[in-house]
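S.K.: Next up is a structure, given as structure tokens.
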Amino acid sequence: MTSVTDTVRIGCGAGFAGDRIDSAVELVRHGALDDLVLECLAERTIALAHARRRADPSRGYDLHAEARLRALLPEAIPRRVRILSNLGAANPIAAGQLAVRIAQENGLQCRVAVVTGDDVLHLIDQEAHALEDGKPLSSHGEIVSANAYLGADSLIPGLQAGADVVITGRVADPSLFVAALVDRFGWDVDDEAMMAAATLAGHLLECGTQVSGGYFADPGYKVVPGLADIGLPFADISHDGTFSIGKLDGTGGLIDRRTVREQLLYELGDPGAYKTPDVTLDVYGVTLREVGVDRVDVRGAVGRRRPDELKVSVGYRAGFRGEAEISYAGPGCVDRARLAGEVAAERIRRRGIDPRIDLIGTLDTPNSVADGECRLRVAAMSADSGHAHHVIREVESLYLNGPAGGGGVRTNVTEVTGILSTFIHRDAVTPKIELMETT
């Protein structure tokens, strides 16, 4: 155990793969943190990371991992702020090596713990039923990835070994926070009350600025000040599991009962039985109380026995998407774009493909406006890449074979990775820790 204390301040440095980096740096510099968690994975994120690793075995971690680590390690390590993140995605070992290399380049002493074992492609029953539709996984297409949602217990050995940085693959989002709190407080992972409190804190923080007004903002209904400078949230957590959510003074955004309540209910499913690898969380009795400007006290989480199974995110080859756009401008632009869509759709349907047709632009202005502009978008899915390319060729052909004045064609064919979910018994999954450090 790293230390035993009465209060821990833990911050969120990223709520998704594309989150801003500057805000995390400010939180480390001025937040007096003990730990910073970067939550960078979603279901599609890790499946796409596997595709990158197949193309280049040295890759497969978060696309912004290097930028994040270069910005944060020189700030966090001297301040003794630990970093925990699932930015390892499909290749946590390579991400750990990257962290060590960056630390050495900056003259920093750094111990990195890498968590593996979430990749269960070799263990998954491909005839198991998908949660989404009850059909066998294999019936949807070739399975290319399967990652189990590990819990906090997979990270704790690395923290107990004195890691400054813990990098994982697929770990349940709240579990990153739970692990840090268990280690700081010396909590027992079988203490359902404390696991519930820690999971609730992690759940409220995991989406970053979503709890400080970013996703909450809705002009005219829910006004949030200073979105351009919105601050990432942190939680001050007491040894008894009570805590408050806040953000740095002077940063933009808003934290009040409304923003916290929205995040509280986000992605829960059953509020009385939110199943995580660490605990089954019941939030029906949670109370929220504003105790200051941008500060909300949270308590009342109830925990029950953790599930015997772990959720698994499964990626499969879902086919190819062809999409193309072309613009029409000036008087009559909407009518010309609409006609172009009808022409393209008729031609594409002859191949047995039913495309989606969208008009984007000045649709709410008179069709005769001289400076109006309307853009046609045509998209379709196909199991055959050749058919997907046919979709974009038909849009490109509108230059001369469609209405007057088309231009600015942009085309793209992408292989699509579909996502399914299933379960695996936790006893079948074996997390491992690899320690790395600067020399």
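To be explicit about the labels: the chains of the structure tokens are called A, B, and onward in the order shown, and within each one the residues are counted from 1, while ligands get numbers from 1 in the order they are shown.
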For stretch 398-425 of chain A versus stretch 299-312 of chain A, which residues have an atom no more than 10 Å away, and what is each residue's nearest atom pair and distance in Å rounded to one decimal, using only C-alpha atoms, chain-then-number order, as JSON lines?

M.R.:
```
{"residue": "A:Leu420", "atom": "CA", "partner": "A:Val312", "partner_atom": "CA", "distance": 8.4}
{"residue": "A:Ser421", "atom": "CA", "partner": "A:Val312", "partner_atom": "CA", "distance": 5.6}
{"residue": "A:Thr422", "atom": "CA", "partner": "A:Val312", "partner_atom": "CA", "distance": 5.2}
{"residue": "A:Phe423", "atom": "CA", "partner": "A:Lys311", "partner_atom": "CA", "distance": 4.6}
{"residue": "A:Ile424", "atom": "CA", "partner": "A:Glu309", "partner_atom": "CA", "distance": 5.4}
{"residue": "A:His425", "atom": "CA", "partner": "A:Glu309", "partner_atom": "CA", "distance": 4.2}
```

S.K.: List every residue of stretch 177-251 of chain A that has an atom at most 12 Å from any atom of stretch 271-274 of chain A, giving for each one its closest atom pair and the distance in Å to one decimal, counting only C-alpha atoms, sorted by chain and then by ascending residue number, as a tab-separated table.

M.R.:
```
residue	atom	partner	partner_atom	distance
A:Ala196	CA	A:Tyr274	CA	10.0
A:Thr199	CA	A:Tyr274	CA	9.9
A:Leu200	CA	A:Tyr274	CA	10.1
A:His203	CA	A:Tyr274	CA	10.5
```

S.K.: Using only C-alpha atoms, determine which residues lie at most 12 Å from A:Arg20, disregarding the query and same-chain residues fewer than 2 positions distant; provide the list as a list in words.

M.R.: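 Contacts, with the query itself left out: Cys12, Gly13, Ala14, Gly15, Phe16, Ala17, Gly18, Asp22, Ser23, Ala24, Val25, Glu26, Leu27, Leu38, Cys40, His64, Ala67, Arg68, Ala71, Gly208, Thr209, Ala228, Asp229, Ile230, Gly231 and Leu232 of chain A.
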
S.K.: Within 10 Å of A:Gly405, counting only C-alpha atoms, which residues qualify if same-chain residues fewer than 6 places away don't, as a list in words?

M.R.: Ile326, Ser327, Tyr328, Ala329, Gly330, Cys333, Arg336, Ala337, Leu398 and Tyr399 of chain A

S.K.: For A:Ser139, work out the shell of residues within 9 Å, counting only C-alpha atoms and skipping chain neighbours fewer than 3 positions away, then give it as a PDB file with N, CA and C atoms, in the first residue's frame.

M.R.:
```
ATOM      1  N   GLN A 126     -17.232 -18.164 -29.280  1.00  0.00           N
ATOM      2  CA  GLN A 126     -17.791 -17.412 -30.396  1.00  0.00           C
ATOM      3  C   GLN A 126     -19.237 -17.791 -30.703  1.00  0.00           C
ATOM      4  N   GLU A 127     -19.708 -18.863 -30.079  1.00  0.00           N
ATOM      5  CA  GLU A 127     -21.111 -19.216 -30.233  1.00  0.00           C
ATOM      6  C   GLU A 127     -21.961 -18.683 -29.093  1.00  0.00           C
ATOM      7  N   LYS A 135     -28.246 -13.316 -30.667  1.00  0.00           N
ATOM      8  CA  LYS A 135     -27.715 -14.191 -31.711  1.00  0.00           C
ATOM      9  C   LYS A 135     -26.267 -14.573 -31.396  1.00  0.00           C
ATOM     10  N   PRO A 136     -25.785 -15.715 -31.912  1.00  0.00           N
ATOM     11  CA  PRO A 136     -24.382 -16.088 -31.677  1.00  0.00           C
ATOM     12  C   PRO A 136     -23.437 -15.013 -32.190  1.00  0.00           C
ATOM     13  N   GLU A 142     -16.710 -11.963 -38.843  1.00  0.00           N
ATOM     14  CA  GLU A 142     -15.456 -12.447 -38.258  1.00  0.00           C
ATOM     15  C   GLU A 142     -15.129 -11.665 -36.984  1.00  0.00           C
TER      16      GLU A 142
END
```

S.K.: Quote the spacing between atom CA of A:Lys247 and atom CA of A:Arg79 in Å to one decimal place.

M.R.: 18.6 Å

S.K.: Show which residues sit within 6 Å of stretch 250-260 of chain A, as a list in words. Count only C-alpha atoms, and ignore same-chain residues fewer than 6 positions away.

M.R.: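 These residues fall inside the cut-off: Val211, Ser212, Gly213, Val224, Pro225, Gly226, Leu227, Asp229, Ile230, Gly231 and Asp294 of chain A.
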
S.K.: May I have the residues from that selection written out with N, CA and C atoms, as an mmCIF file, in the first residue's frame?

M.R.:
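New file selection01.cif:
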```cif
data_model
loop_
_atom_site.group_PDB
_atom_site.id
_atom_site.type_symbol
_atom_site.label_atom_id
_atom_site.label_comp_id
_atom_site.auth_asym_id
_atom_site.auth_seq_id
_atom_site.Cartn_x
_atom_site.Cartn_y
_atom_site.Cartn_z
ATOM 1 N N VAL A 211 -19.399 16.267 -16.217
ATOM 2 C CA VAL A 211 -19.951 16.592 -14.906
ATOM 3 C C VAL A 211 -19.724 18.061 -14.540
ATOM 4 N N SER A 212 -18.874 18.744 -15.299
ATOM 5 C CA SER A 212 -18.662 20.167 -15.028
ATOM 6 C C SER A 212 -19.266 21.053 -16.108
ATOM 7 N N GLY A 213 -20.272 20.523 -16.804
ATOM 8 C CA GLY A 213 -21.087 21.356 -17.670
ATOM 9 C C GLY A 213 -20.912 21.176 -19.152
ATOM 10 N N VAL A 224 -24.313 27.439 -19.372
ATOM 11 C CA VAL A 224 -23.049 27.115 -18.708
ATOM 12 C C VAL A 224 -22.031 28.175 -19.090
ATOM 13 N N PRO A 225 -21.446 28.871 -18.117
ATOM 14 C CA PRO A 225 -20.485 29.929 -18.430
ATOM 15 C C PRO A 225 -19.101 29.379 -18.758
ATOM 16 N N GLY A 226 -18.383 30.107 -19.604
ATOM 17 C CA GLY A 226 -16.963 29.838 -19.814
ATOM 18 C C GLY A 226 -16.627 28.494 -20.403
ATOM 19 N N LEU A 227 -17.435 28.019 -21.354
ATOM 20 C CA LEU A 227 -17.155 26.697 -21.919
ATOM 21 C C LEU A 227 -15.792 26.620 -22.604
ATOM 22 N N ASP A 229 -13.093 27.617 -21.576
ATOM 23 C CA ASP A 229 -12.066 27.341 -20.566
ATOM 24 C C ASP A 229 -12.577 26.367 -19.508
ATOM 25 N N ILE A 230 -13.427 25.440 -19.920
ATOM 26 C CA ILE A 230 -14.057 24.535 -18.967
ATOM 27 C C ILE A 230 -13.021 23.715 -18.202
ATOM 28 N N GLY A 231 -13.260 23.546 -16.912
ATOM 29 C CA GLY A 231 -12.312 22.851 -16.051
ATOM 30 C C GLY A 231 -12.691 21.402 -15.837
ATOM 31 N N ASP A 294 -19.558 25.663 -7.257
ATOM 32 C CA ASP A 294 -18.966 24.555 -8.000
ATOM 33 C C ASP A 294 -18.480 23.448 -7.070
#
```

S.K.: Just the strand (DSSP E or B) stuff from stretch 207-260 of chain A, please, per backbone DSSP, written as a list of chain:residue names.

M.R.: A:Asp218, A:Lys222, A:Ile230, A:Pro233, A:Phe234, A:Ala235, A:Asp236, A:Ile237, A:Ser238, A:Phe243, A:Ser244, A:Ile245, A:Gly246, A:Lys247, A:Gly252

S.K.: Skipping near chain neighbours, those fewer than 6 positions away, what residues fall within 9 Å of A:Gly202 using only C-alpha atoms, listed as a ChimeraX atom specification?

M.R.: /A:12,173-178,235

S.K.: Go through A:Gly418, A:Gly88, A:Gly352, A:Pro157 and flag the residue nearest A:His390, using only C-alpha atoms for the distances.

M.R.: A:Gly352

S.K.: Mind pulling up the distance from atom CA of A:Ala89 to atom CA of A:Asp62?

M.R.: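 Spanning atom CA of A:Asp62 to atom CA of A:Ala89 is a straight-line distance of 6.1 Å.
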
S.K.: Between A:Asp164, A:Asp6, A:Glu132, A:Asp118, which has the minimum distance to A:Tyr149 (counting only C-alpha atoms)?

M.R.: A:Asp118

S.K.: Which is closer to A:Leu281 than all the others in A:Glu325, A:Glu105, A:Glu262, A:Glu192, using only C-alpha atoms?

M.R.: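 Comparing A:Glu325, A:Glu105, A:Glu262, A:Glu192 against A:Leu281, the winner is A:Glu192.
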
S.K.: Between atom CA of A:Gly269 and atom CA of A:Tyr284, what distance in Å does the model show, to one decimal?

M.R.: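 Straight-line distance from atom CA of A:Gly269 to atom CA of A:Tyr284 works out to 12.5 Å.
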
S.K.: Could you check which of A:Val279, A:Ile156, A:Leu73, A:Leu33 is closest to A:Met194, using only C-alpha atoms?

M.R.: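 That would be A:Val279, the residue with the smallest distance to A:Met194.
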
S.K.: Can you work out which one of A:Ala201, A:Leu123, A:Ala318, A:Ala179 has the shortest atom-to-atom distance to A:Ser385, counting only C-alpha atoms?

M.R.: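 Between A:Ala201, A:Leu123, A:Ala318, A:Ala179, the residue approaching A:Ser385 most closely is A:Ala318.
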
S.K.: List every residue of stretch 181-312 of chain A that DSSP, applied to the backbone, labels as helix (DSSP H, G or I), and write the result as number ranges by chain.

M.R.: A: 181-185, 192-205, 208-210, 227-229, 257-265
